[in-house]
$ cat target_23.pdb   # PDB, C-alpha atoms, pLDDT in the B column
ATOM      1  CA  MET I  25      28.970 -15.237  30.163  1.00 54.00           C
ATOM      2  CA  ALA I  26      26.661 -16.787  32.759  1.00 57.00           C
ATOM      3  CA  TYR I  27      25.213 -20.233  32.157  1.00 58.00           C
ATOM      4  CA  ALA I  28      21.544 -20.374  31.192  1.00 55.00           C
ATOM      5  CA  PRO I  29      19.558 -23.596  30.947  1.00 59.00           C
ATOM      6  CA  THR I  30      18.960 -24.894  27.428  1.00 58.00           C
ATOM      7  CA  ALA I  31      15.211 -24.351  27.790  1.00 84.00           C
ATOM      8  CA  ARG I  32      15.823 -20.594  28.122  1.00 86.00           C
ATOM      9  CA  HIS I  33      17.728 -20.597  24.829  1.00 86.00           C
ATOM     10  CA  LEU I  34      14.961 -22.609  23.206  1.00 92.00           C
ATOM     11  CA  LEU I  35      12.386 -20.063  24.343  1.00 92.00           C
ATOM     12  CA  ARG I  36      14.475 -17.327  22.759  1.00 92.00           C
ATOM     13  CA  ALA I  37      14.360 -19.190  19.434  1.00 92.00           C
ATOM     14  CA  LYS I  38      10.633 -19.871  19.799  1.00 93.00           C
ATOM     15  CA  ASP I  39       9.997 -16.183  20.505  1.00 92.00           C
ATOM     16  CA  LEU I  40      11.997 -15.308  17.396  1.00 92.00           C
ATOM     17  CA  ALA I  41       9.815 -17.625  15.298  1.00 92.00           C
ATOM     18  CA  ASP I  42       6.647 -16.129  16.812  1.00 91.00           C
ATOM     19  CA  ALA I  43       7.705 -12.533  16.318  1.00 92.00           C
ATOM     20  CA  ARG I  44       9.384 -12.723  12.912  1.00 92.00           C
ATOM     21  CA  TYR I  45       7.531 -15.571  11.148  1.00 89.00           C
ATOM     22  CA  PHE I  46       7.114 -13.344   8.073  1.00 90.00           C
ATOM     23  CA  GLU I  47      10.867 -13.125   7.500  1.00 90.00           C
ATOM     24  CA  PRO I  48      12.806 -15.796   5.592  1.00 88.00           C
ATOM     25  CA  LEU I  49      13.869 -17.645   8.754  1.00 89.00           C
ATOM     26  CA  ASP I  50      15.305 -21.136   8.705  1.00 89.00           C
ATOM     27  CA  VAL I  51      16.501 -23.615  11.312  1.00 91.00           C
ATOM     28  CA  GLY I  52      19.979 -22.083  11.207  1.00 92.00           C
ATOM     29  CA  ASP I  53      18.603 -18.677  12.217  1.00 92.00           C
ATOM     30  CA  LEU I  54      16.626 -20.183  15.092  1.00 92.00           C
ATOM     31  CA  ALA I  55      19.600 -22.269  16.227  1.00 93.00           C
ATOM     32  CA  GLY I  56      21.749 -19.130  16.147  1.00 92.00           C
ATOM     33  CA  ALA I  57      19.256 -17.321  18.385  1.00 91.00           C
ATOM     34  CA  ALA I  58      19.468 -20.232  20.823  1.00 90.00           C
ATOM     35  CA  GLY I  59      23.256 -20.348  20.609  1.00 90.00           C
ATOM     36  CA  LEU I  60      23.251 -24.040  19.642  1.00 91.00           C
ATOM     37  CA  SER I  61      24.336 -26.077  16.642  1.00 92.00           C
ATOM     38  CA  ARG I  62      21.578 -26.868  14.133  1.00 93.00           C
ATOM     39  CA  ALA I  63      21.456 -30.585  14.949  1.00 94.00           C
ATOM     40  CA  HIS I  64      21.519 -30.147  18.731  1.00 92.00           C
ATOM     41  CA  PHE I  65      18.988 -27.323  18.512  1.00 93.00           C
ATOM     42  CA  SER I  66      16.596 -29.421  16.403  1.00 94.00           C
ATOM     43  CA  ARG I  67      16.746 -32.348  18.849  1.00 93.00           C
ATOM     44  CA  GLU I  68      16.278 -30.148  21.910  1.00 92.00           C
ATOM     45  CA  PHE I  69      13.499 -28.083  20.331  1.00 93.00           C
ATOM     46  CA  ARG I  70      11.551 -31.212  19.382  1.00 94.00           C
ATOM     47  CA  ARG I  71      12.044 -32.652  22.871  1.00 92.00           C
ATOM     48  CA  ALA I  72      10.901 -29.429  24.549  1.00 91.00           C
ATOM     49  CA  PHE I  73       7.971 -28.409  22.305  1.00 90.00           C
ATOM     50  CA  GLY I  74       6.888 -31.580  20.495  1.00 91.00           C
ATOM     51  CA  ASP I  75       7.467 -30.224  16.973  1.00 92.00           C
ATOM     52  CA  SER I  76      10.523 -29.727  14.842  1.00 93.00           C
ATOM     53  CA  PRO I  77      11.596 -26.075  14.499  1.00 94.00           C
ATOM     54  CA  HIS I  78      10.561 -26.116  10.835  1.00 92.00           C
ATOM     55  CA  ALA I  79       7.104 -27.522  11.651  1.00 94.00           C
ATOM     56  CA  TYR I  80       6.623 -24.974  14.425  1.00 93.00           C
ATOM     57  CA  LEU I  81       7.533 -22.063  12.147  1.00 93.00           C
ATOM     58  CA  LEU I  82       5.299 -23.393   9.376  1.00 94.00           C
ATOM     59  CA  THR I  83       2.398 -23.719  11.823  1.00 94.00           C
ATOM     60  CA  ARG I  84       2.799 -20.075  12.910  1.00 94.00           C
ATOM     61  CA  ARG I  85       2.826 -18.994   9.269  1.00 95.00           C
ATOM     62  CA  LEU I  86      -0.272 -21.014   8.398  1.00 96.00           C
ATOM     63  CA  GLU I  87      -2.149 -19.677  11.426  1.00 95.00           C
ATOM     64  CA  ARG I  88      -1.403 -16.110  10.367  1.00 95.00           C
ATOM     65  CA  ALA I  89      -2.331 -16.883   6.761  1.00 96.00           C
ATOM     66  CA  ALA I  90      -5.680 -18.296   7.915  1.00 95.00           C
ATOM     67  CA  ALA I  91      -6.351 -15.118   9.908  1.00 93.00           C
ATOM     68  CA  LEU I  92      -5.515 -12.951   6.896  1.00 94.00           C
ATOM     69  CA  LEU I  93      -7.766 -15.024   4.642  1.00 94.00           C
ATOM     70  CA  ARG I  94     -10.643 -14.647   7.119  1.00 92.00           C
ATOM     71  CA  THR I  95     -10.310 -10.925   7.715  1.00 88.00           C
ATOM     72  CA  THR I  96      -8.896  -9.349   4.543  1.00 89.00           C
ATOM     73  CA  ASP I  97      -9.562  -9.426   0.833  1.00 89.00           C
ATOM     74  CA  ARG I  98      -5.874  -9.739  -0.104  1.00 93.00           C
ATOM     75  CA  SER I  99      -5.048 -12.247  -2.827  1.00 95.00           C
ATOM     76  CA  VAL I 100      -3.909 -15.747  -1.886  1.00 96.00           C
ATOM     77  CA  ALA I 101      -0.486 -15.011  -3.395  1.00 96.00           C
ATOM     78  CA  ASP I 102      -0.159 -11.817  -1.340  1.00 96.00           C
ATOM     79  CA  VAL I 103      -1.124 -13.688   1.830  1.00 96.00           C
ATOM     80  CA  CYS I 104       1.398 -16.402   1.001  1.00 96.00           C
ATOM     81  CA  PHE I 105       4.266 -13.968   0.564  1.00 96.00           C
ATOM     82  CA  SER I 106       3.297 -11.786   3.527  1.00 95.00           C
ATOM     83  CA  VAL I 107       3.603 -14.707   5.964  1.00 95.00           C
ATOM     84  CA  GLY I 108       7.112 -15.532   4.795  1.00 93.00           C
ATOM     85  CA  LEU I 109       6.455 -18.335   2.325  1.00 93.00           C
ATOM     86  CA  SER I 110       7.920 -18.214  -1.154  1.00 92.00           C
ATOM     87  CA  SER I 111       5.818 -20.655  -3.215  1.00 94.00           C
ATOM     88  CA  VAL I 112       2.092 -20.263  -3.753  1.00 95.00           C
ATOM     89  CA  GLY I 113       1.807 -23.885  -4.878  1.00 95.00           C
ATOM     90  CA  SER I 114       3.492 -25.226  -1.750  1.00 95.00           C
ATOM     91  CA  PHE I 115       1.444 -22.846   0.382  1.00 96.00           C
ATOM     92  CA  THR I 116      -1.812 -24.058  -1.184  1.00 96.00           C
ATOM     93  CA  THR I 117      -0.870 -27.717  -0.755  1.00 96.00           C
ATOM     94  CA  THR I 118       0.239 -27.303   2.864  1.00 95.00           C
ATOM     95  CA  PHE I 119      -2.741 -25.111   3.754  1.00 96.00           C
ATOM     96  CA  THR I 120      -5.155 -27.646   2.243  1.00 96.00           C
ATOM     97  CA  ARG I 121      -3.500 -30.508   4.119  1.00 95.00           C
ATOM     98  CA  THR I 122      -3.661 -28.582   7.404  1.00 94.00           C
ATOM     99  CA  TYR I 123      -7.115 -26.960   7.183  1.00 94.00           C
ATOM    100  CA  GLY I 124      -8.906 -29.429   4.918  1.00 95.00           C
ATOM    101  CA  LYS I 125      -9.779 -26.722   2.385  1.00 95.00           C
ATOM    102  CA  SER I 126      -7.871 -24.741  -0.190  1.00 96.00           C
ATOM    103  CA  PRO I 127      -7.129 -21.128   0.802  1.00 97.00           C
ATOM    104  CA  THR I 128      -9.830 -19.885  -1.576  1.00 95.00           C
ATOM    105  CA  ALA I 129     -12.443 -22.318  -0.218  1.00 96.00           C
ATOM    106  CA  TYR I 130     -11.398 -21.483   3.343  1.00 95.00           C
ATOM    107  CA  ARG I 131     -11.936 -17.780   2.674  1.00 94.00           C
ATOM    108  CA  ALA I 132     -15.328 -18.457   1.053  1.00 93.00           C
ATOM    109  CA  SER I 133     -16.539 -20.255   4.189  1.00 93.00           C
ATOM    110  CA  PHE I 134     -16.370 -16.984   6.177  1.00 88.00           C
ATOM    111  CA  PRO I 135     -18.233 -13.678   5.795  1.00 86.00           C
ATOM    112  CA  PRO I 136     -16.624 -11.187   3.403  1.00 83.00           C
ATOM    113  CA  ALA I 137     -13.788  -9.084   4.787  1.00 74.00           C
ATOM    114  CA  SER I 138     -15.814  -5.908   4.275  1.00 72.00           C
ATOM    115  CA  GLN I 139     -18.043  -6.974   7.168  1.00 73.00           C
ATOM    116  CA  HIS I 140     -15.000  -7.038   9.444  1.00 66.00           C
ATOM    117  CA  ALA I 141     -13.814  -3.547   8.528  1.00 66.00           C
ATOM    118  CA  LEU I 142     -13.503  -1.539  11.692  1.00 73.00           C
ATOM    119  CA  ILE I 143     -13.837   2.206  11.572  1.00 74.00           C
ATOM    120  CA  PRO I 144     -11.781   4.002  14.227  1.00 78.00           C
ATOM    121  CA  GLY I 145     -13.800   5.959  16.748  1.00 74.00           C
ATOM    122  CA  CYS I 146     -12.081   9.212  15.854  1.00 81.00           C
ATOM    123  CA  VAL I 147     -13.258   8.870  12.242  1.00 79.00           C
ATOM    124  CA  VAL I 148     -16.822   8.087  13.342  1.00 73.00           C
ATOM    125  CA  ARG I 149     -16.830  11.152  15.608  1.00 76.00           C
ATOM    126  CA  ALA I 150     -15.411  13.400  12.892  1.00 77.00           C
ATOM    127  CA  TYR I 151     -18.066  12.420  10.365  1.00 72.00           C
ATOM    128  CA  SER I 152     -20.948  12.395  12.848  1.00 71.00           C
ATOM    129  CA  ARG I 153     -20.416  15.961  14.069  1.00 69.00           C
ATOM    130  CA  PRO I 154     -23.121  18.475  13.240  1.00 63.00           C
ATOM    131  CA  GLN I 155     -22.424  20.485  10.122  1.00 63.00           C
ATOM    132  CA  HIS I 156     -23.280  23.805  11.764  1.00 61.00           C
ATOM    133  CA  ARG I 157     -21.593  24.950  14.930  1.00 59.00           C
ATOM    134  CA  THR I 158     -23.735  26.064  17.823  1.00 61.00           C
ATOM    135  CA  PHE I 159     -21.778  29.158  18.804  1.00 60.00           C
ATOM    136  CA  ARG I 160     -23.361  31.638  16.374  1.00 61.00           C
ATOM    137  CA  GLU I 161     -21.204  30.465  13.505  1.00 59.00           C
ATOM    138  CA  ASP I 162     -24.200  29.549  11.398  1.00 57.00           C
ATOM    139  CA  ARG I 163     -25.495  33.151  11.651  1.00 60.00           C
ATOM    140  CA  ALA I 164     -22.225  34.803  10.601  1.00 57.00           C
ATOM    141  CA  GLY I 165     -22.830  34.025   6.938  1.00 57.00           C
ATOM    142  CA  ALA I 166     -26.408  35.338   7.097  1.00 56.00           C
ATOM    143  CA  GLN I 167     -25.398  38.807   8.399  1.00 56.00           C
ATOM    144  CA  ASP I 168     -22.926  39.520   5.584  1.00 51.00           C
TER
END
$ encode --input "target_23.pdb" --output "structure tokens"
Amino acid sequence: MAYAPTARHLLRAKDLADARYFEPLDVGDLAGAAGLSRAHFSREFRRAFGDSPHAYLLTRRLERAAALLRTTDRSVADVCFSVGLSSVGSFTTTFTRTYGKSPTAYRASFPPASQHALIPGCVVRAYSRPQHRTFREDRAGAQD
């Protein structure tokens, strides 16, 4: 196997955390993706990115949770579990420490999710079509 600089392995682990934050990942999984021992991986990751692997993964999860709270009406517990966390109490405490508001208060400070609902263009076109066709179809019923 060809030698690759440690930074390349660290990027592989960082990409794993970014892409699969919602899975029950831990430092061992990230270290495995980098091909390093847990201790060496943790030291190198902190040196390269400024955060521990655990803190980085938690930050990704909290960022996604904040986006879900802003744009959906899912329950706080559902948001917590969907971003890969397993304790609503720990989620609430960590979220409050990071964002300065509880998840419920954070959600209340934004417009309701129903205002963010996007309707696909194909659905808009389907429902905005005229009810009667223009190629003599509306007369066919009248002649019978």
$ resolve_selection --input "target_23.pdb" --expression "the PyMOL selection byres ((chain I and resi 111-123) around 10)" --output "PyMOL selection string"
chain I and resi 82-83+85-87+89-90+100-105+108-110+124-130
$ write_last_selection --input "target_23.pdb" --atoms "C-alpha atoms" --output "mmCIF file, in the frame of the given file"
data_model
loop_
_atom_site.group_PDB
_atom_site.id
_atom_site.type_symbol
_atom_site.label_atom_id
_atom_site.label_comp_id
_atom_site.auth_asym_id
_atom_site.auth_seq_id
_atom_site.Cartn_x
_atom_site.Cartn_y
_atom_site.Cartn_z
ATOM 1 C CA LEU I 82 5.299 -23.393 9.376
ATOM 2 C CA THR I 83 2.398 -23.719 11.823
ATOM 3 C CA ARG I 85 2.826 -18.994 9.269
ATOM 4 C CA LEU I 86 -0.272 -21.014 8.398
ATOM 5 C CA GLU I 87 -2.149 -19.677 11.426
ATOM 6 C CA ALA I 89 -2.331 -16.883 6.761
ATOM 7 C CA ALA I 90 -5.680 -18.296 7.915
ATOM 8 C CA VAL I 100 -3.909 -15.747 -1.886
ATOM 9 C CA ALA I 101 -0.486 -15.011 -3.395
ATOM 10 C CA ASP I 102 -0.159 -11.817 -1.340
ATOM 11 C CA VAL I 103 -1.124 -13.688 1.830
ATOM 12 C CA CYS I 104 1.398 -16.402 1.001
ATOM 13 C CA PHE I 105 4.266 -13.968 0.564
ATOM 14 C CA GLY I 108 7.112 -15.532 4.795
ATOM 15 C CA LEU I 109 6.455 -18.335 2.325
ATOM 16 C CA SER I 110 7.920 -18.214 -1.154
ATOM 17 C CA GLY I 124 -8.906 -29.429 4.918
ATOM 18 C CA LYS I 125 -9.779 -26.722 2.385
ATOM 19 C CA SER I 126 -7.871 -24.741 -0.190
ATOM 20 C CA PRO I 127 -7.129 -21.128 0.802
ATOM 21 C CA THR I 128 -9.830 -19.885 -1.576
ATOM 22 C CA ALA I 129 -12.443 -22.318 -0.218
ATOM 23 C CA TYR I 130 -11.398 -21.483 3.343
#
$ resolve_selection --input "target_23.pdb" --expression "the PyMOL selection byres ((chain I and resi 38) around 12)" --output "JSON, numbers by chain"
{"I": [31, 32, 33, 34, 35, 36, 37, 39, 40, 41, 42, 43, 44, 45, 49, 51, 53, 54, 55, 56, 57, 58, 65, 66, 68, 69, 70, 72, 73, 75, 76, 77, 78, 79, 80, 81, 84]}
$ write_last_selection --input "target_23.pdb" --atoms "C-alpha atoms" --output "mmCIF file, keeping the file's coordinate frame"
data_model
loop_
_atom_site.group_PDB
_atom_site.id
_atom_site.type_symbol
_atom_site.label_atom_id
_atom_site.label_comp_id
_atom_site.auth_asym_id
_atom_site.auth_seq_id
_atom_site.Cartn_x
_atom_site.Cartn_y
_atom_site.Cartn_z
ATOM 1 C CA ALA I 31 15.211 -24.351 27.790
ATOM 2 C CA ARG I 32 15.823 -20.594 28.122
ATOM 3 C CA HIS I 33 17.728 -20.597 24.829
ATOM 4 C CA LEU I 34 14.961 -22.609 23.206
ATOM 5 C CA LEU I 35 12.386 -20.063 24.343
ATOM 6 C CA ARG I 36 14.475 -17.327 22.759
ATOM 7 C CA ALA I 37 14.360 -19.190 19.434
ATOM 8 C CA ASP I 39 9.997 -16.183 20.505
ATOM 9 C CA LEU I 40 11.997 -15.308 17.396
ATOM 10 C CA ALA I 41 9.815 -17.625 15.298
ATOM 11 C CA ASP I 42 6.647 -16.129 16.812
ATOM 12 C CA ALA I 43 7.705 -12.533 16.318
ATOM 13 C CA ARG I 44 9.384 -12.723 12.912
ATOM 14 C CA TYR I 45 7.531 -15.571 11.148
ATOM 15 C CA LEU I 49 13.869 -17.645 8.754
ATOM 16 C CA VAL I 51 16.501 -23.615 11.312
ATOM 17 C CA ASP I 53 18.603 -18.677 12.217
ATOM 18 C CA LEU I 54 16.626 -20.183 15.092
ATOM 19 C CA ALA I 55 19.600 -22.269 16.227
ATOM 20 C CA GLY I 56 21.749 -19.130 16.147
ATOM 21 C CA ALA I 57 19.256 -17.321 18.385
ATOM 22 C CA ALA I 58 19.468 -20.232 20.823
ATOM 23 C CA PHE I 65 18.988 -27.323 18.512
ATOM 24 C CA SER I 66 16.596 -29.421 16.403
ATOM 25 C CA GLU I 68 16.278 -30.148 21.910
ATOM 26 C CA PHE I 69 13.499 -28.083 20.331
ATOM 27 C CA ARG I 70 11.551 -31.212 19.382
ATOM 28 C CA ALA I 72 10.901 -29.429 24.549
ATOM 29 C CA PHE I 73 7.971 -28.409 22.305
ATOM 30 C CA ASP I 75 7.467 -30.224 16.973
ATOM 31 C CA SER I 76 10.523 -29.727 14.842
ATOM 32 C CA PRO I 77 11.596 -26.075 14.499
ATOM 33 C CA HIS I 78 10.561 -26.116 10.835
ATOM 34 C CA ALA I 79 7.104 -27.522 11.651
ATOM 35 C CA TYR I 80 6.623 -24.974 14.425
ATOM 36 C CA LEU I 81 7.533 -22.063 12.147
ATOM 37 C CA ARG I 84 2.799 -20.075 12.910
#
$ atom_distance --input "target_23.pdb" --atom1 "atom CA of Phe46 of chain I" --atom2 "atom CA of Ser106 of chain I"
6.1 Å
$ closest_residue --input "target_23.pdb" --among "I:Gly52, I:Pro136, I:Pro144, I:Gly74" --to "Thr96 of chain I" --atoms "only C-alpha atoms"
I:Pro136
$ atom_distance --input "target_23.pdb" --atom1 "atom CA of Gln139 of chain I" --atom2 "atom CA of Thr95 of chain I"
8.7 Å
$ atom_distance --input "target_23.pdb" --atom1 "atom CA of Ser138 of chain I" --atom2 "atom CA of Ala150 of chain I"
21.1 Å
